[in-house]
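Visitor: If it helps, the file is called target17.csv and holds CSV, C-alpha atoms:
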```csv
chain,number,residue,atom,x,y,z
T,1311,MET,CA,51.3,135.7,92.6
T,1312,THR,CA,51.1,134.9,96.3
T,1313,LEU,CA,49.2,136.3,99.2
T,1314,PHE,CA,52.2,138.0,100.7
T,1315,ASP,CA,53.5,139.7,97.5
T,1316,THR,CA,51.4,142.7,98.4
T,1317,PRO,CA,51.9,144.3,101.8
T,1318,GLY,CA,48.6,144.8,103.5
T,1319,ALA,CA,46.7,142.5,101.1
T,1320,VAL,CA,43.0,143.0,101.1
T,1321,GLY,CA,40.5,140.3,100.4
T,1322,THR,CA,36.9,139.3,101.3
T,1323,TRP,CA,34.8,136.2,102.0
T,1324,VAL,CA,32.9,134.7,99.1
T,1325,LYS,CA,29.7,133.1,100.3
T,1326,LEU,CA,27.5,133.2,97.3
T,1327,PRO,CA,27.8,130.1,95.1
T,1328,THR,CA,28.2,132.0,91.9
T,1329,ILE,CA,31.1,132.9,89.7
T,1330,GLU,CA,29.9,136.5,89.3
T,1331,SER,CA,31.0,137.2,92.9
T,1332,VAL,CA,34.7,136.5,92.2
T,1333,GLN,CA,34.6,138.2,88.9
T,1334,ILE,CA,33.2,141.4,90.5
T,1335,LEU,CA,35.8,141.2,93.2
T,1336,ALA,CA,38.6,140.8,90.7
T,1337,HIS,CA,37.4,143.7,88.6
T,1338,ALA,CA,37.1,145.8,91.8
T,1339,GLY,CA,40.8,145.2,92.5
T,1340,TYR,CA,40.8,142.9,95.5
T,1341,ASP,CA,44.1,141.0,96.1
T,1342,PHE,CA,42.5,137.7,97.1
T,1343,ALA,CA,39.2,136.0,97.9
T,1344,VAL,CA,38.4,133.4,100.5
T,1345,ILE,CA,35.8,131.0,99.3
T,1346,ASP,CA,33.9,130.0,102.4
T,1347,GLN,CA,32.9,126.3,102.8
T,1348,GLU,CA,32.4,126.7,106.5
T,1349,HIS,CA,29.6,129.2,106.6
T,1350,ALA,CA,28.2,129.0,103.1
T,1351,PRO,CA,26.5,126.4,100.9
T,1352,ILE,CA,29.5,125.9,98.7
T,1353,ASP,CA,30.2,122.3,97.8
T,1354,ILE,CA,33.3,120.9,96.1
T,1355,ARG,CA,32.0,121.3,92.6
T,1356,THR,CA,31.0,124.9,93.2
T,1357,ALA,CA,34.3,125.7,95.0
T,1358,TYR,CA,36.1,124.3,91.9
T,1359,GLN,CA,34.3,126.7,89.6
T,1360,LEU,CA,34.9,129.6,91.9
T,1361,ILE,CA,38.6,128.8,92.3
T,1362,ASN,CA,39.1,128.5,88.5
T,1363,THR,CA,37.2,131.7,87.8
T,1364,ALA,CA,39.2,133.6,90.4
T,1365,ALA,CA,42.5,132.3,89.0
T,1366,ALA,CA,41.5,133.2,85.5
T,1367,GLU,CA,40.7,136.8,86.7
T,1368,ASN,CA,44.1,137.1,88.5
T,1369,LEU,CA,42.4,137.0,91.9
T,1370,LEU,CA,44.2,134.8,94.3
T,1371,PRO,CA,41.8,131.9,95.3
T,1372,LEU,CA,42.0,130.7,98.9
T,1373,VAL,CA,39.4,128.4,100.5
T,1374,ARG,CA,38.2,128.1,104.0
T,1375,VAL,CA,37.4,124.4,104.4
T,1376,ASP,CA,34.6,123.3,106.6
T,1377,GLU,CA,36.8,121.5,109.1
T,1378,LEU,CA,40.2,119.9,109.5
T,1379,ARG,CA,39.9,116.9,107.2
T,1380,PRO,CA,42.9,115.8,105.2
T,1381,ALA,CA,40.8,114.5,102.3
T,1382,ALA,CA,38.8,117.7,102.0
T,1383,ILE,CA,42.0,119.8,102.0
T,1384,GLN,CA,43.6,117.6,99.3
T,1385,ARG,CA,40.6,117.9,97.0
T,1386,ILE,CA,40.5,121.7,97.4
T,1387,LEU,CA,44.2,122.0,96.6
T,1388,ASP,CA,43.9,119.7,93.6
T,1389,ALA,CA,41.1,121.9,92.4
T,1390,GLY,CA,43.7,124.6,92.1
T,1391,ALA,CA,43.3,126.6,95.3
T,1392,ALA,CA,46.4,128.7,96.3
T,1393,GLY,CA,45.9,127.6,99.9
T,1394,VAL,CA,43.5,126.8,102.7
T,1395,LEU,CA,42.3,128.4,105.9
T,1396,ILE,CA,41.5,125.8,108.5
T,1397,PRO,CA,38.9,126.7,111.2
T,1398,HIS,CA,39.2,126.1,114.9
T,1399,VAL,CA,42.8,125.0,115.2
T,1400,ASP,CA,43.3,125.0,118.9
T,1401,THR,CA,46.5,122.9,119.5
T,1402,PRO,CA,49.9,122.4,117.9
T,1403,GLU,CA,48.9,118.8,117.1
T,1404,GLN,CA,45.9,120.1,115.0
T,1405,ALA,CA,48.3,122.6,113.3
T,1406,GLN,CA,50.7,119.8,112.5
T,1407,LEU,CA,47.8,117.7,110.9
T,1408,ALA,CA,46.8,120.8,108.9
T,1409,ALA,CA,50.3,121.4,107.6
T,1410,LYS,CA,50.8,117.7,106.8
T,1411,SER,CA,47.4,117.7,104.9
T,1412,VAL,CA,48.8,120.4,102.6
T,1413,ARG,CA,52.2,118.9,102.0
T,1414,PHE,CA,53.3,115.8,100.1
T,1415,PRO,CA,55.6,113.2,101.5
T,1416,PRO,CA,58.1,113.3,103.1
T,1417,TYR,CA,56.8,116.5,104.6
T,1418,GLY,CA,53.2,115.5,104.8
T,1419,ILE,CA,50.4,113.0,104.0
T,1420,ARG,CA,48.8,114.6,100.9
T,1421,GLY,CA,48.3,112.1,98.1
T,1422,ALA,CA,49.6,112.8,94.6
T,1423,GLY,CA,47.0,113.9,92.1
T,1424,GLY,CA,49.0,115.2,89.2
T,1425,THR,CA,46.2,114.6,86.7
T,1426,SER,CA,44.0,117.2,88.5
T,1427,ARG,CA,43.7,120.9,87.6
T,1428,ALA,CA,46.6,121.7,90.1
T,1429,GLY,CA,48.8,119.4,87.9
T,1430,ARG,CA,47.4,120.9,84.7
T,1431,TRP,CA,45.7,117.7,83.9
T,1432,GLY,CA,49.0,115.8,84.0
T,1433,THR,CA,50.9,118.2,81.8
T,1434,LEU,CA,52.7,120.0,84.6
T,1435,PRO,CA,56.0,118.2,85.4
T,1436,ALA,CA,55.6,116.1,88.6
T,1437,ALA,CA,58.4,117.9,90.3
T,1438,ASP,CA,56.7,121.3,89.8
T,1439,TYR,CA,53.4,119.9,91.0
T,1440,ARG,CA,55.0,118.6,94.2
T,1441,ALA,CA,57.1,121.8,94.6
T,1442,PHE,CA,54.0,124.0,94.6
T,1443,GLY,CA,52.4,121.9,97.2
T,1444,ASN,CA,55.4,121.7,99.4
T,1445,GLU,CA,56.7,125.2,99.0
T,1446,GLU,CA,53.9,127.6,97.9
T,1447,ALA,CA,50.5,126.3,98.8
T,1448,LEU,CA,49.4,128.2,101.9
T,1449,CYS,CA,48.4,126.5,105.2
T,1450,ILE,CA,46.7,129.1,107.4
T,1451,PRO,CA,45.3,127.9,110.7
T,1452,GLN,CA,42.5,130.0,112.3
T,1453,LEU,CA,42.9,130.8,116.0
T,1454,GLU,CA,39.3,131.1,117.3
T,1455,SER,CA,39.4,130.2,121.0
T,1456,ARG,CA,41.2,131.1,124.2
T,1457,MET,CA,42.9,127.7,124.0
T,1458,ALA,CA,44.3,128.5,120.5
T,1459,ILE,CA,45.7,131.8,121.8
T,1460,ASP,CA,47.2,130.0,124.8
T,1461,ASN,CA,48.9,127.7,122.3
T,1462,VAL,CA,49.9,130.3,119.7
T,1463,GLU,CA,53.6,130.0,120.2
T,1464,LYS,CA,53.6,126.3,119.6
T,1465,ILE,CA,51.2,126.6,116.7
T,1466,ALA,CA,53.3,129.4,115.1
T,1467,ALA,CA,56.4,127.2,115.4
T,1468,VAL,CA,54.8,124.3,113.4
T,1469,GLU,CA,56.8,123.5,110.2
T,1470,GLY,CA,54.6,124.0,107.2
T,1471,VAL,CA,52.3,126.6,108.7
T,1472,ASN,CA,52.7,129.6,106.5
T,1473,ALA,CA,50.6,132.2,108.4
T,1474,LEU,CA,48.1,132.6,111.2
T,1475,PHE,CA,44.6,134.1,111.1
T,1476,VAL,CA,42.8,135.3,114.2
T,1477,GLY,CA,39.0,134.7,114.1
T,1478,VAL,CA,38.1,137.5,116.5
T,1479,ALA,CA,34.3,136.9,116.3
T,1480,ASP,CA,34.6,133.3,117.5
T,1481,LEU,CA,37.4,134.2,120.0
T,1482,SER,CA,35.3,136.8,121.7
T,1483,MET,CA,32.3,134.5,121.7
T,1484,ASP,CA,34.4,131.7,123.3
T,1485,MET,CA,35.4,134.2,126.0
T,1486,GLY,CA,31.9,135.5,126.6
T,1487,LYS,CA,32.9,139.0,125.5
T,1488,THR,CA,32.6,141.4,122.6
T,1489,PRO,CA,35.3,141.7,119.9
T,1490,ALA,CA,36.1,145.2,121.2
T,1491,ASP,CA,36.6,144.1,124.8
T,1492,PRO,CA,40.2,145.1,126.0
T,1493,GLU,CA,41.0,141.5,127.0
T,1494,VAL,CA,40.1,140.2,123.5
T,1495,VAL,CA,42.1,143.0,121.9
T,1496,GLU,CA,45.1,142.1,124.1
T,1497,LEU,CA,44.9,138.5,123.1
T,1498,TYR,CA,44.7,139.0,119.4
T,1499,LEU,CA,47.5,141.5,119.4
T,1500,HIS,CA,49.5,139.0,121.4
T,1501,ALA,CA,48.8,136.4,118.6
T,1502,LEU,CA,50.0,139.0,116.0
T,1503,ASP,CA,53.2,139.6,118.0
T,1504,VAL,CA,53.9,135.9,118.3
T,1505,ALA,CA,53.3,135.3,114.6
T,1506,HIS,CA,55.7,138.1,113.7
T,1507,ARG,CA,58.4,136.9,116.1
T,1508,ALA,CA,58.0,133.5,114.4
T,1509,GLY,CA,58.5,135.2,111.0
T,1510,LYS,CA,55.0,134.4,109.9
T,1511,PRO,CA,52.3,136.8,108.6
T,1512,CYS,CA,49.0,137.2,110.5
T,1513,GLY,CA,45.5,137.9,109.2
T,1514,PHE,CA,42.3,139.5,110.5
T,1515,ALA,CA,38.7,139.8,109.4
T,1516,SER,CA,36.4,142.6,109.9
T,1517,GLY,CA,32.8,143.2,108.9
T,1518,ASN,CA,33.5,146.6,107.6
T,1519,ALA,CA,36.2,148.8,105.9
T,1520,ALA,CA,37.0,150.7,109.1
T,1521,GLY,CA,37.7,147.6,111.1
T,1522,ALA,CA,39.9,146.2,108.3
T,1523,LYS,CA,41.8,149.5,108.0
T,1524,ALA,CA,42.4,149.6,111.8
T,1525,ALA,CA,43.7,146.0,111.7
T,1526,LEU,CA,46.3,147.0,109.0
T,1527,ALA,CA,47.3,149.9,111.1
T,1528,GLN,CA,47.8,147.6,114.1
T,1529,GLY,CA,50.2,145.6,112.0
T,1530,PHE,CA,48.2,142.7,110.5
T,1531,ASP,CA,49.6,141.6,107.2
T,1532,PHE,CA,46.4,140.7,105.4
T,1533,VAL,CA,42.7,141.4,106.0
T,1534,MET,CA,39.3,140.2,105.0
T,1535,ALA,CA,36.9,143.2,104.7
T,1536,SER,CA,33.2,142.3,104.7
T,1537,SER,CA,31.9,139.6,102.3
T,1538,ASP,CA,30.1,139.4,99.0
T,1539,THR,CA,26.7,138.9,100.8
T,1540,ALA,CA,27.3,141.7,103.3
T,1541,MET,CA,28.2,144.1,100.5
T,1542,LEU,CA,25.1,143.2,98.6
T,1543,VAL,CA,22.9,143.7,101.7
T,1544,ALA,CA,24.5,147.1,102.4
T,1545,GLU,CA,24.2,148.4,98.9
T,1546,ALA,CA,20.7,147.0,98.4
T,1547,ALA,CA,19.5,148.7,101.6
T,1548,GLY,CA,21.3,151.9,100.8
T,1549,VAL,CA,19.8,152.2,97.3
T,1550,LEU,CA,16.3,151.4,98.6
T,1551,THR,CA,16.7,154.0,101.4
T,1552,ALA,CA,17.9,156.6,99.0
T,1553,VAL,CA,15.0,156.0,96.6
T,1554,ARG,CA,12.4,156.2,99.3
T,1555,GLN,CA,13.9,159.3,100.8
T,1556,ALA,CA,14.1,161.0,97.4
T,1557,SER,CA,10.4,160.4,96.8
```
Do you think you could lay out the structure here as structure tokens?

Guide:
Amino acid sequence: MTLFDTPGAVGTWVKLPTIESVQILAHAGYDFAVIDQEHAPIDIRTAYQLINTAAAENLLPLVRVDELRPAAIQRILDAGAAGVLIPHVDTPEQAQLAAKSVRFPPYGIRGAGGTSRAGRWGTLPAADYRAFGNEEALCIPQLESRMAIDNVEKIAAVEGVNALFVGVADLSMDMGKTPADPEVVELYLHALDVAHRAGKPCGFASGNAAGAKAALAQGFDFVMASSDTAMLVAEAAGVLTAVRQAS
């Protein structure tokens, strides 16, 4: 199972450091989950548990690492993640480092860790372990600034980058505008077009179902809709409001 086996794949952010979140998402039928180390208190040990729980439940486990650090990316992939989202990739040089951090030599700089979970504790043939890292593990740079959009053609052309993801919230903030501003919309649709011309999928995140549905209609290939915490907040508030209104 890979992210792009399902056209219009739908996932969400996992911000709660508990395995129940990924189990619930799996049973609800989500295609993938992005375990968020950038904006949530999820350390490597907790990420490891969430990755393994998701995989056991047939929910594709991706991880948004906290920053572009080769060592952190290597540890997450050896923990069994299917791929990584890397925040704030603004230049082709950063995209190249991201891609090299995911790949083994001669394509990259990732060290061999075949005795990790990704190598099935040393029971997976070394060739298969390396092949997954070089051919299937996903490297997805996040474009979150005007500089990143200005460089999107060069970033999309980087060998080893599998897909792009547009972080519209940070992009609009970088521009001093709202996500719905026509200039912001024009830029993220430009990034989508460039990604497709380069033969690479492009993703989008929305805080709600309507925004995610609209992004799919615009042609985005995969979307993150809401998050486990936001869903809990919305349902908790809705239940409380309903009870109080009923009484």

Visitor: Which one of T:Asp1388, T:Asp1315, T:Glu1348, T:Asp1400 sits closest to Arg1430 in chain T if you count all atoms listed in the file?

Guide: T:Asp1388

Visitor: So which one's closest to Gln1452 in chain T, T:Leu1395, T:Met1541, T:Ala1381, T:Ala1338? Using all atoms listed in the file, please.

Guide: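 Among the listed residues, T:Leu1395 lies closest to Gln1452 in chain T.
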
Visitor: Just the residues within 7 Å of Asp1538 in chain T, please, counting all atoms listed in the file, with nothing from its chain fewer than 6 positions along; format it as a PyMOL selection string.

Guide: chain T and resi 1323-1326+1331

Visitor: Would you pick out the contacts of Asp1503 in chain T at 12 Å or less, using all atoms listed in the file, so that residues sharing its chain but fewer than 5 positions from it are not included, and give the list as a PyMOL selection string?

Guide: chain T and resi 1459+1462-1463+1466+1474+1476+1496-1498+1508-1513+1528-1531

Visitor: Let me make sure I understand: among T:Ala1505, T:Val1471, T:Gly1432, T:Val1533, which one has the smallest atom-to-atom distance to Thr1316 in chain T if we use only C-alpha atoms?

Guide: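 Closest residue, counting only C-alpha atoms: T:Val1533.
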
Visitor: Tell me which protein, DNA and RNA residues are within 10 Å of range 1417-1424 of chain T, counting only C-alpha atoms, leaving out same-chain ones fewer than 5 positions away, and put them as a PyMOL selection string.

Guide: chain T and resi 1380-1381+1383-1385+1387-1389+1406-1412+1429-1440+1443-1444+1469-1470

Visitor: With only C-alpha atoms as the atoms that count, which of T:Leu1360, T:Leu1550, T:Leu1370, T:Ala1479 lies nearest to Tyr1340 in chain T?

Guide: T:Leu1370

Visitor: Could you check which of T:Leu1502, T:Ala1490, T:Ile1345, T:Ile1354 is closest to Phe1532 in chain T, using only C-alpha atoms?

Guide: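 That would be T:Leu1502, the residue with the smallest distance to Phe1532 in chain T.
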
Visitor: Just the number, please: distance in Å from CA of Val1468 in chain T to CA of Glu1454 in chain T, one decimal.

Guide: 17.4 Å

Visitor: What gap, in Å, lies between CA of Glu1330 in chain T and CA of Pro1351 in chain T?

Guide: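 Going from CA of Glu1330 in chain T over to CA of Pro1351 in chain T, I get 15.8 Å.
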
Visitor: To one decimal place in Å, what is the distance between CA of Asp1484 in chain T and CA of Arg1507 in chain T?

Guide: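 Distance reported for this atom pair: 25.6 Å.
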